[in-house]
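Here is the file entry.cif (mmCIF, C-alpha atoms).
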data_start
#
loop_
_atom_site.label_atom_id
_atom_site.label_comp_id
_atom_site.auth_asym_id
_atom_site.auth_seq_id
_atom_site.Cartn_x
_atom_site.Cartn_y
_atom_site.Cartn_z
CA MET E 1 197.08 134.83 145.27
CA VAL E 2 195.32 137.98 146.46
CA ALA E 3 192.06 139.22 144.99
CA THR E 4 192.14 142.70 143.52
CA GLY E 5 190.29 145.19 145.72
CA THR E 6 189.91 148.03 143.23
CA GLY E 7 187.77 148.54 140.15
CA ARG E 8 190.77 147.90 137.89
CA PHE E 9 191.68 144.37 136.92
CA SER E 10 195.18 142.93 136.84
CA VAL E 11 196.98 141.72 133.72
CA SER E 12 196.20 138.15 134.77
CA VAL E 13 192.46 138.89 134.79
CA TYR E 14 192.59 140.52 131.36
CA PHE E 15 194.44 137.44 130.12
CA LEU E 16 191.58 135.25 131.39
CA PHE E 17 189.15 137.40 129.39
CA ILE E 18 191.24 136.96 126.22
CA GLU E 19 191.74 133.28 126.99
CA ALA E 20 187.95 132.77 127.03
CA LEU E 21 187.67 134.39 123.59
CA PHE E 22 190.29 132.19 121.93
CA MET E 23 189.24 129.01 123.73
CA ASN E 24 185.68 129.41 122.50
CA MET E 25 186.86 130.36 119.04
CA GLY E 26 189.02 127.24 118.80
CA PHE E 27 186.29 125.04 120.25
CA PHE E 28 183.56 126.28 117.91
CA MET E 29 185.83 126.14 114.88
CA LEU E 30 185.70 122.36 115.16
CA ILE E 31 182.85 121.00 117.28
CA PRO E 32 179.88 122.20 115.17
CA MET E 33 181.74 121.04 112.05
CA LEU E 34 182.26 117.43 113.16
CA SER E 35 178.79 116.37 112.08
CA ILE E 36 179.17 118.07 108.69
CA HIS E 37 182.55 116.45 108.07
CA TYR E 38 181.85 112.90 109.22
CA LEU E 39 178.36 112.72 107.73
CA SER E 40 179.85 113.81 104.40
CA LEU E 41 182.22 110.84 104.69
CA GLY E 42 179.25 108.46 104.97
CA MET E 43 179.24 107.92 108.73
CA THR E 44 175.88 107.55 110.45
CA ALA E 45 174.16 110.16 112.57
CA LEU E 46 174.26 107.67 115.47
CA PHE E 47 178.07 107.47 115.23
CA VAL E 48 178.40 111.25 115.19
CA GLY E 49 175.92 111.60 118.06
CA ASN E 50 177.94 109.14 120.13
CA LEU E 51 181.08 111.17 119.44
CA TYR E 52 179.37 114.23 120.88
CA ALA E 53 178.11 112.21 123.85
CA VAL E 54 181.62 111.00 124.72
CA ARG E 55 182.91 114.57 124.58
CA ILE E 56 180.11 115.94 126.79
CA LEU E 57 180.24 113.16 129.39
CA SER E 58 184.04 113.15 129.67
CA GLN E 59 184.16 116.94 130.03
CA GLN E 60 181.15 117.79 132.17
CA GLY E 61 181.04 114.54 134.12
CA LEU E 62 184.69 114.66 135.23
CA GLN E 63 185.00 118.33 136.18
CA LEU E 64 184.64 117.34 139.84
CA PHE E 65 188.03 115.64 139.63
CA GLY E 66 189.50 118.46 137.55
CA GLY E 67 188.33 120.95 140.16
CA ALA E 68 189.73 118.86 143.04
CA LEU E 69 193.11 118.71 141.27
CA ALA E 70 193.07 122.48 140.72
CA ASP E 71 192.56 123.03 144.45
CA ARG E 72 195.80 121.14 145.13
CA VAL E 73 197.94 122.23 142.16
CA PRO E 74 198.33 125.85 140.97
CA TYR E 75 195.54 126.77 138.59
CA ARG E 76 197.95 127.79 135.84
CA TYR E 77 199.52 124.31 135.65
CA VAL E 78 196.13 122.60 135.55
CA ILE E 79 195.09 124.95 132.74
CA LEU E 80 198.34 124.15 130.89
CA VAL E 81 197.83 120.38 131.15
CA GLY E 82 194.17 120.68 130.18
CA CYS E 83 194.99 122.77 127.12
CA LEU E 84 197.72 120.36 126.01
CA ILE E 85 195.41 117.35 126.42
CA ARG E 86 192.74 119.10 124.38
CA SER E 87 195.41 119.84 121.74
CA VAL E 88 196.06 116.09 121.58
CA GLY E 89 192.35 115.58 120.96
CA PHE E 90 192.46 118.07 118.08
CA ALA E 91 195.51 116.32 116.65
CA LEU E 92 193.81 112.91 116.79
CA PHE E 93 190.83 114.29 114.86
CA ALA E 94 193.32 115.50 112.25
CA ILE E 95 195.24 112.24 111.80
CA ILE E 96 192.47 109.62 112.30
CA PRO E 97 190.28 109.55 109.19
CA ALA E 98 187.53 107.29 110.55
CA GLY E 99 186.74 104.44 112.92
CA ALA E 100 186.41 103.75 116.62
CA TRP E 101 189.67 105.56 117.46
CA LEU E 102 187.80 108.82 116.93
CA PHE E 103 186.17 108.17 120.30
CA ALA E 104 189.65 108.46 121.84
CA ALA E 105 189.95 111.89 120.23
CA ALA E 106 186.59 112.89 121.69
CA PHE E 107 187.65 111.57 125.10
CA PHE E 108 190.92 113.54 125.13
CA PHE E 109 189.01 116.59 123.92
CA GLY E 110 186.61 116.31 126.87
CA ILE E 111 189.23 115.51 129.51
CA GLY E 112 191.13 118.65 128.60
CA GLY E 113 188.02 120.75 129.25
CA ALA E 114 187.37 118.92 132.53
CA LEU E 115 190.77 120.19 133.72
CA PHE E 116 190.96 123.79 132.51
CA GLY E 117 187.24 124.58 132.97
CA PRO E 118 187.00 124.68 136.78
CA ALA E 119 190.60 125.90 137.09
CA GLY E 120 189.90 128.92 134.85
CA ASN E 121 186.73 129.88 136.73
CA ALA E 122 188.43 129.47 140.10
CA ALA E 123 191.43 131.50 138.93
CA LEU E 124 189.18 134.40 137.94
CA ALA E 125 187.22 134.24 141.20
CA SER E 126 190.44 134.22 143.24
CA LEU E 127 191.98 137.15 141.35
CA VAL E 128 188.98 139.50 141.68
CA ALA E 129 187.54 140.94 144.88
CA PRO E 130 184.03 139.61 145.61
CA GLU E 131 182.29 142.92 144.96
CA PHE E 132 183.74 143.06 141.41
CA GLN E 133 183.09 139.42 140.48
CA PRO E 134 179.71 140.05 138.77
CA ARG E 135 181.37 142.53 136.39
CA ALA E 136 184.36 140.25 135.79
CA PHE E 137 182.26 137.20 134.96
CA THR E 138 180.02 139.29 132.70
CA ILE E 139 183.04 140.53 130.73
CA ARG E 140 184.37 136.99 130.45
CA GLN E 141 181.00 135.78 129.19
CA ALA E 142 181.00 138.59 126.60
CA THR E 143 184.43 137.63 125.27
CA SER E 144 183.32 133.98 125.20
CA ASN E 145 180.34 134.98 123.07
CA ILE E 146 182.61 136.72 120.57
CA GLY E 147 184.62 133.50 120.20
CA THR E 148 181.38 131.55 119.86
CA THR E 149 180.38 133.80 116.97
CA VAL E 150 183.71 133.89 115.12
CA GLY E 151 184.60 130.21 115.53
CA PRO E 152 181.78 128.64 113.48
CA VAL E 153 182.29 131.19 110.70
CA LEU E 154 185.95 130.20 110.38
CA GLY E 155 185.07 126.52 110.68
CA ALA E 156 182.35 126.68 108.03
CA PHE E 157 184.76 128.41 105.65
CA LEU E 158 187.37 125.64 106.03
CA VAL E 159 185.39 122.46 106.80
CA TYR E 160 184.84 121.09 103.30
CA ASP E 161 188.39 121.33 101.93
CA HIS E 162 190.55 121.96 104.98
CA PHE E 163 189.16 119.94 107.89
CA THR E 164 192.61 118.88 109.07
CA ALA E 165 193.72 122.52 108.96
CA ILE E 166 190.91 123.41 111.40
CA CYS E 167 192.14 120.70 113.78
CA TRP E 168 195.78 121.80 113.68
CA ILE E 169 194.99 125.53 113.95
CA ALA E 170 192.60 125.07 116.88
CA GLY E 171 194.98 122.63 118.58
CA ALA E 172 197.85 125.11 118.25
CA LEU E 173 195.59 127.83 119.71
CA PHE E 174 194.98 125.79 122.86
CA ALA E 175 198.66 124.89 123.20
CA VAL E 176 199.65 128.58 123.06
CA ILE E 177 196.94 129.49 125.56
CA GLY E 178 198.22 126.81 127.93
CA VAL E 179 201.80 128.09 127.76
CA LEU E 180 200.70 131.71 128.25
CA SER E 181 198.67 130.64 131.30
CA VAL E 182 201.88 129.52 133.02
CA VAL E 183 203.55 132.81 132.14
CA LEU E 184 200.73 135.24 132.98
CA LEU E 185 198.84 133.63 135.85
CA PRO E 186 200.25 133.61 139.39
CA ASN E 187 200.31 130.65 141.76
CA GLN E 188 197.59 130.57 144.37
CA GLU E 189 198.83 130.78 147.93
CA ARG E 190 200.08 127.48 149.33
CA ARG E 191 198.16 126.12 152.28
CA GLU E 192 199.61 124.24 155.21
CA LYS E 193 197.02 121.51 154.74
CA GLN E 194 196.25 120.54 151.16
CA PRO E 195 192.51 120.14 150.45
CA SER E 196 191.48 116.58 149.57
CA LEU E 197 188.76 115.42 147.19
CA LEU E 198 186.95 113.59 149.99
CA ARG E 199 187.01 116.66 152.22
CA GLY E 200 185.78 118.83 149.36
CA VAL E 201 182.89 116.45 148.67
CA LYS E 202 181.93 116.50 152.36
CA VAL E 203 182.00 120.31 152.43
CA ILE E 204 179.83 120.47 149.31
CA ALA E 205 177.43 117.81 150.63
CA SER E 206 176.85 119.95 153.74
CA ASN E 207 176.13 123.08 151.68
CA ARG E 208 172.38 122.79 151.08
CA ALA E 209 172.12 126.09 149.24
CA PHE E 210 174.76 125.02 146.73
CA LEU E 211 173.16 121.62 146.14
CA GLN E 212 169.76 123.24 145.58
CA PHE E 213 171.38 125.68 143.16
CA VAL E 214 173.07 122.88 141.16
CA LEU E 215 169.74 121.03 140.91
CA LEU E 216 167.74 124.11 139.89
CA PHE E 217 170.29 125.29 137.34
CA MET E 218 169.84 122.05 135.44
CA GLY E 219 166.61 123.70 134.30
CA TYR E 220 168.58 126.49 132.63
CA TYR E 221 170.64 124.05 130.55
CA LEU E 222 167.58 121.92 129.81
CA ILE E 223 165.78 124.93 128.35
CA TYR E 224 168.80 126.48 126.61
CA GLN E 225 169.42 123.14 124.88
CA GLN E 226 166.14 123.68 123.02
CA MET E 227 168.01 126.21 120.88
CA TYR E 228 169.54 123.12 119.25
CA ILE E 229 166.59 120.71 119.57
CA ALA E 230 163.16 122.39 119.58
CA ILE E 231 163.99 125.45 117.48
CA PRO E 232 165.39 123.47 114.51
CA ASP E 233 162.40 121.11 114.71
CA LEU E 234 159.96 124.03 114.71
CA LEU E 235 161.69 125.43 111.64
CA THR E 236 161.02 122.19 109.80
CA ILE E 237 157.34 122.35 110.81
CA ILE E 238 156.93 125.74 109.10
CA HIS E 239 159.09 124.55 106.16
CA ALA E 240 161.72 127.25 106.61
CA PRO E 241 164.64 127.26 104.12
CA ASN E 242 167.76 125.28 105.03
CA SER E 243 169.73 128.47 105.62
CA ALA E 244 167.30 129.65 108.32
CA LEU E 245 168.92 127.64 111.13
CA GLY E 246 172.37 129.07 110.50
CA GLU E 247 170.91 132.54 110.33
CA LEU E 248 169.10 132.03 113.65
CA PHE E 249 172.28 130.79 115.35
CA SER E 250 174.15 133.81 114.03
CA LEU E 251 171.37 136.08 115.28
CA GLU E 252 171.53 134.45 118.70
CA ALA E 253 175.28 134.99 118.99
CA ILE E 254 175.01 138.61 117.80
CA LEU E 255 172.23 139.29 120.31
CA GLU E 256 174.32 137.86 123.15
CA ILE E 257 177.31 139.99 122.18
CA ALA E 258 175.20 143.14 121.78
CA ALA E 259 173.42 142.57 125.11
CA SER E 260 176.70 141.89 126.90
CA TYR E 261 177.94 145.48 126.69
CA PRO E 262 174.99 147.12 128.49
CA ALA E 263 175.09 144.21 130.94
CA ILE E 264 178.78 144.94 131.67
CA ALA E 265 178.02 148.65 132.17
CA TRP E 266 175.12 147.86 134.48
CA MET E 267 177.14 145.30 136.46
CA SER E 268 179.95 147.82 136.86
CA ARG E 269 177.56 150.25 138.57
CA HIS E 270 174.96 148.10 140.30
CA GLY E 271 175.89 144.41 140.04
CA ASN E 272 177.04 144.10 143.66
CA LYS E 273 173.82 145.68 145.02
CA TYR E 274 171.53 142.83 143.98
CA PRO E 275 171.78 139.19 145.05
CA ALA E 276 172.85 136.74 142.36
CA PRO E 277 169.81 134.44 142.88
CA ARG E 278 167.43 137.32 142.11
CA LEU E 279 169.33 138.22 138.94
CA MET E 280 169.43 134.58 137.79
CA SER E 281 165.70 134.41 138.43
CA ILE E 282 165.10 137.52 136.28
CA GLY E 283 167.12 135.98 133.43
CA MET E 284 165.11 132.76 133.66
CA TYR E 285 161.78 134.65 133.68
CA ALA E 286 162.88 136.41 130.48
CA MET E 287 163.56 132.99 128.95
CA ALA E 288 160.17 131.71 130.14
CA ILE E 289 158.15 134.60 128.70
CA SER E 290 159.77 134.13 125.32
CA TRP E 291 158.04 130.75 124.86
CA ILE E 292 154.54 132.25 125.16
CA PRO E 293 154.12 133.33 121.48
CA LEU E 294 154.73 129.73 120.35
CA VAL E 295 151.97 128.51 122.65
CA PHE E 296 149.47 130.42 120.50
CA GLY E 297 151.02 130.19 117.04
CA VAL E 298 153.90 128.34 115.35
CA ASN E 299 155.34 130.84 112.89
CA ILE E 300 158.62 132.62 112.28
CA VAL E 301 157.76 135.43 114.70
CA GLY E 302 156.94 132.90 117.41
CA ILE E 303 160.24 131.08 116.78
CA LEU E 304 162.22 134.31 116.92
CA ALA E 305 160.82 135.04 120.39
CA PRO E 306 162.65 132.21 122.24
CA VAL E 307 165.80 132.89 120.23
CA LEU E 308 165.68 136.43 121.58
CA GLY E 309 164.63 135.35 125.08
CA LEU E 310 167.22 132.60 125.44
CA SER E 311 169.97 134.93 124.21
CA LEU E 312 169.12 137.80 126.55
CA GLY E 313 168.33 135.51 129.47
CA SER E 314 171.70 133.79 129.22
CA VAL E 315 173.53 137.14 129.32
CA ILE E 316 171.90 137.82 132.69
CA THR E 317 171.89 134.30 134.11
CA VAL E 318 175.28 132.76 133.32
CA PRO E 319 177.62 135.42 134.79
CA ASN E 320 175.56 135.47 137.98
CA ARG E 321 175.79 131.70 138.11
CA GLN E 322 179.58 132.00 138.27
CA THR E 323 179.36 134.75 140.88
CA TYR E 324 177.00 132.74 143.07
CA ILE E 325 179.24 129.66 142.95
CA ALA E 326 182.22 131.77 144.03
CA GLN E 327 180.19 133.30 146.87
CA LEU E 328 178.93 129.96 148.17
CA ALA E 329 182.26 128.15 147.91
CA ASP E 330 184.87 128.01 150.62
CA GLN E 331 188.25 129.15 149.33
CA PRO E 332 190.22 125.90 149.82
CA HIS E 333 187.74 124.02 147.60
CA LEU E 334 186.90 126.80 145.14
CA ALA E 335 187.71 124.85 141.97
CA THR E 336 185.95 121.73 143.31
CA PHE E 337 182.77 123.78 143.72
CA PHE E 338 183.03 124.93 140.10
CA GLY E 339 183.64 121.33 139.04
CA VAL E 340 180.57 119.99 140.84
CA ALA E 341 178.47 122.86 139.45
CA SER E 342 179.22 121.56 135.95
CA LEU E 343 176.93 118.62 136.73
CA SER E 344 174.09 121.07 136.03
CA MET E 345 175.20 121.21 132.41
CA ALA E 346 176.05 117.50 132.15
CA ILE E 347 172.62 116.38 133.37
CA GLY E 348 170.49 119.33 132.28
CA ALA E 349 171.79 119.47 128.71
CA SER E 350 171.56 115.68 128.31
CA VAL E 351 167.99 115.58 129.59
CA GLY E 352 167.19 118.64 127.49
CA ALA E 353 168.52 116.97 124.35
CA SER E 354 166.77 113.62 124.77
CA GLY E 355 163.66 114.89 126.57
CA GLY E 356 163.23 117.85 124.25
CA GLY E 357 163.55 115.61 121.21
CA LEU E 358 160.98 113.18 122.62
CA LEU E 359 158.60 115.99 123.53
CA MET E 360 158.82 117.52 120.07
CA HIS E 361 158.21 114.09 118.54
CA ILE E 362 155.07 113.23 120.51
CA GLY E 363 153.66 116.71 121.07
CA GLN E 364 154.21 118.61 117.84
CA HIS E 365 150.51 118.64 116.92
CA PRO E 366 148.17 121.34 118.33
CA MET E 367 145.92 120.56 121.30
CA GLY E 368 142.86 122.80 121.13
CA PRO E 369 143.98 126.44 121.45
CA ILE E 370 147.54 125.39 122.25
CA ALA E 371 149.52 125.55 119.00
CA SER E 372 152.70 124.02 120.45
CA PRO E 373 152.27 121.89 123.60
CA PRO E 374 156.08 121.53 124.02
CA ALA E 375 156.39 125.32 124.19
CA LEU E 376 153.92 125.34 127.08
CA VAL E 377 155.96 122.67 128.87
CA PHE E 378 159.19 124.66 128.33
CA PHE E 379 157.45 127.77 129.68
CA ALA E 380 156.27 125.91 132.80
CA ILE E 381 159.68 124.34 133.54
CA THR E 382 161.46 127.68 133.17
CA VAL E 383 158.98 129.53 135.41
CA ILE E 384 159.30 126.90 138.14
CA CYS E 385 163.11 127.03 138.03
CA ALA E 386 163.08 130.85 137.97
CA TYR E 387 160.79 130.99 141.01
CA PHE E 388 162.90 128.65 143.13
CA LEU E 389 166.21 130.18 141.98
CA GLY E 390 164.91 133.53 143.24
CA ARG E 391 164.23 131.94 146.64
CA LEU E 392 167.77 130.65 147.13
CA PRO E 393 169.63 132.14 150.11
CA ASP E 394 171.06 135.60 149.53
CA SER E 395 174.84 135.36 149.68
CA GLN E 396 175.28 139.14 150.03
CA GLN E 397 175.74 138.81 153.80
CA ARG E 398 178.54 136.35 153.24
CA LEU E 399 179.97 138.70 150.61
CA SER E 400 179.99 141.59 153.12
CA ALA E 401 181.77 139.42 155.66
CA GLN E 402 184.43 138.53 153.09
CA ILE E 403 184.99 142.22 152.28
CA ILE E 404 185.36 143.12 155.98
CA GLU E 405 187.87 140.34 156.48
#
In structure tokens, write the structure found in this file.
Amino acid sequence: MVATGTGRFSVSVYFLFIEALFMNMGFFMLIPMLSIHYLSLGMTALFVGNLYAVRILSQQGLQLFGGALADRVPYRYVILVGCLIRSVGFALFAIIPAGAWLFAAAFFFGIGGALFGPAGNAALASLVAPEFQPRAFTIRQATSNIGTTVGPVLGAFLVYDHFTAICWIAGALFAVIGVLSVVLLPNQERREKQPSLLRGVKVIASNRAFLQFVLLFMGYYLIYQQMYIAIPDLLTIIHAPNSALGELFSLEAILEIAASYPAIAWMSRHGNKYPAPRLMSIGMYAMAISWIPLVFGVNIVGILAPVLGLSLGSVITVPNRQTYIAQLADQPHLATFFGVASLSMAIGASVGASGGGLLMHIGQHPMGPIASPPALVFFAITVICAYFLGRLPDSQQRLSAQIIE
């Protein structure tokens, strides 16, 4: 598999953009609706929360193994198997009305993502020349955001009377995507010596810059998770109407889509001139600044600020995350690097969910001039992560070496 060396992308790359759109659309048709559906059937919030936990841990926690497999087997076949396994998860949600077997559905759902997640990222990185990767990952993030916006709308329209239809439609979507992956994606070049999981782990363990990056990027997911923890809690404090949360989520998705287009244009012209750590740092600083209004006043304007900051910051930060992983990785273990990087989300989002909830519970009352102590903590964590992300080694020299070769 040879990376494209021109500004134009191949059909395979455009397929990966479209794949991201439909994968996210199918995912968000169902996942946000699980709590609505099962709570309406009388199941407890603890049961539903555990369902989500099984899905997150099986997907994010096992991407190391999915990535290692994708380094040994052509990416397109790993994507196919992952999509089919996720389709099985959708089908189980459709046919199992209640009970402990739903955890099997959540497990299959997560395992599928653990397979196609690192394989898809590695496929894109391998098909695009290094100097065009920032633009490619930005476009893919933009198409993902469109799916993230459309999916919940479709799911909300169908959830009350047609929950099983959501499951079958989304499952069919993933099955079709898997089959098209085999048709439209090429095989990566075969190597004389197949990379092993143990060798990949050793290579990663010796890459200090990558390990520091994985640790620091947990801060991004910790803070972004507050969109689903702190922001809803703050809305209850100001007694906002029940519809406000849905409206804020819609606003967030629209902002990310709208910001993606100028980001794509900018990346097309200048993305390869600036190191990815500096750009990730800028995105994190934007997220940090957005918490400041809440430090001084808990009101709707203050709540809108982090919604805006988290949306815009993610547009800058996430595509450069993918680019930096690709630049730090060695080619034989490319998918393994993407798999290990998912630990940032697994740990960061989990800590963000539990820690953010605890912080909002114990620190929701003002402390002197500080209206929201948790907002000050979120600001401090984001600034610290932004500062150290900006100090990560510049991979541009490595990028130049790859281009010369």
Spatial neighbours of segment 377-379 of chain E, max dist 9 Å, only C-alpha atoms, sep filter under 4 positions, as number ranges by chain: E: 222-223, 226, 287-292, 295, 356, 359, 373, 383-384
File dump, residues just selected, C-alpha atoms, as a PDB file, in the coordinates of the input:
ATOM      1  CA  LEU E 222     167.580 121.920 129.810  1.00  0.00           C
ATOM      2  CA  ILE E 223     165.780 124.930 128.350  1.00  0.00           C
ATOM      3  CA  GLN E 226     166.140 123.680 123.020  1.00  0.00           C
ATOM      4  CA  MET E 287     163.560 132.990 128.950  1.00  0.00           C
ATOM      5  CA  ALA E 288     160.170 131.710 130.140  1.00  0.00           C
ATOM      6  CA  ILE E 289     158.150 134.600 128.700  1.00  0.00           C
ATOM      7  CA  SER E 290     159.770 134.130 125.320  1.00  0.00           C
ATOM      8  CA  TRP E 291     158.040 130.750 124.860  1.00  0.00           C
ATOM      9  CA  ILE E 292     154.540 132.250 125.160  1.00  0.00           C
ATOM     10  CA  VAL E 295     151.970 128.510 122.650  1.00  0.00           C
ATOM     11  CA  GLY E 356     163.230 117.850 124.250  1.00  0.00           C
ATOM     12  CA  LEU E 359     158.600 115.990 123.530  1.00  0.00           C
ATOM     13  CA  PRO E 373     152.270 121.890 123.600  1.00  0.00           C
ATOM     14  CA  VAL E 383     158.980 129.530 135.410  1.00  0.00           C
ATOM     15  CA  ILE E 384     159.300 126.900 138.140  1.00  0.00           C
TER      16      ILE E 384
END
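For the file shown, the residue list from the PyMOL selection byres ((chain E and resi 157-170) around 7) reads Gly26, Met29, Leu30, Met33, His37, Phe90, Ala91, Phe93, Ala94, Val153, Leu154, Gly155, Ala156, Gly171, Ala172, Leu173 and Phe174 of chain E.
With all atoms listed in the file as the atoms that count, the residue of E:Asn121, E:Thr382, E:Ser35, E:Gln225 with the shortest distance to Ile282 of chain E is E:Thr382.
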Return as JSON, numbers by chain the set of residues that the PyMOL selection byres ((chain E and resi 21) around 10) yields on the displayed structure. {"E": [15, 16, 17, 18, 19, 20, 22, 23, 24, 25, 26, 140, 141, 142, 143, 144, 145, 146, 147, 148, 149, 150, 151]}
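Closest to Pro393 of chain E among E:Val88, E:Leu211, E:Ala305, E:Met218 is E:Leu211, based on only C-alpha atoms.
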Convert the output of the PyMOL selection byres ((chain E and resi 182) around 9) on the shown file into explicit residues, formatted as a PyMOL selection string. chain E and resi 75-77+79-80+177-181+183-187
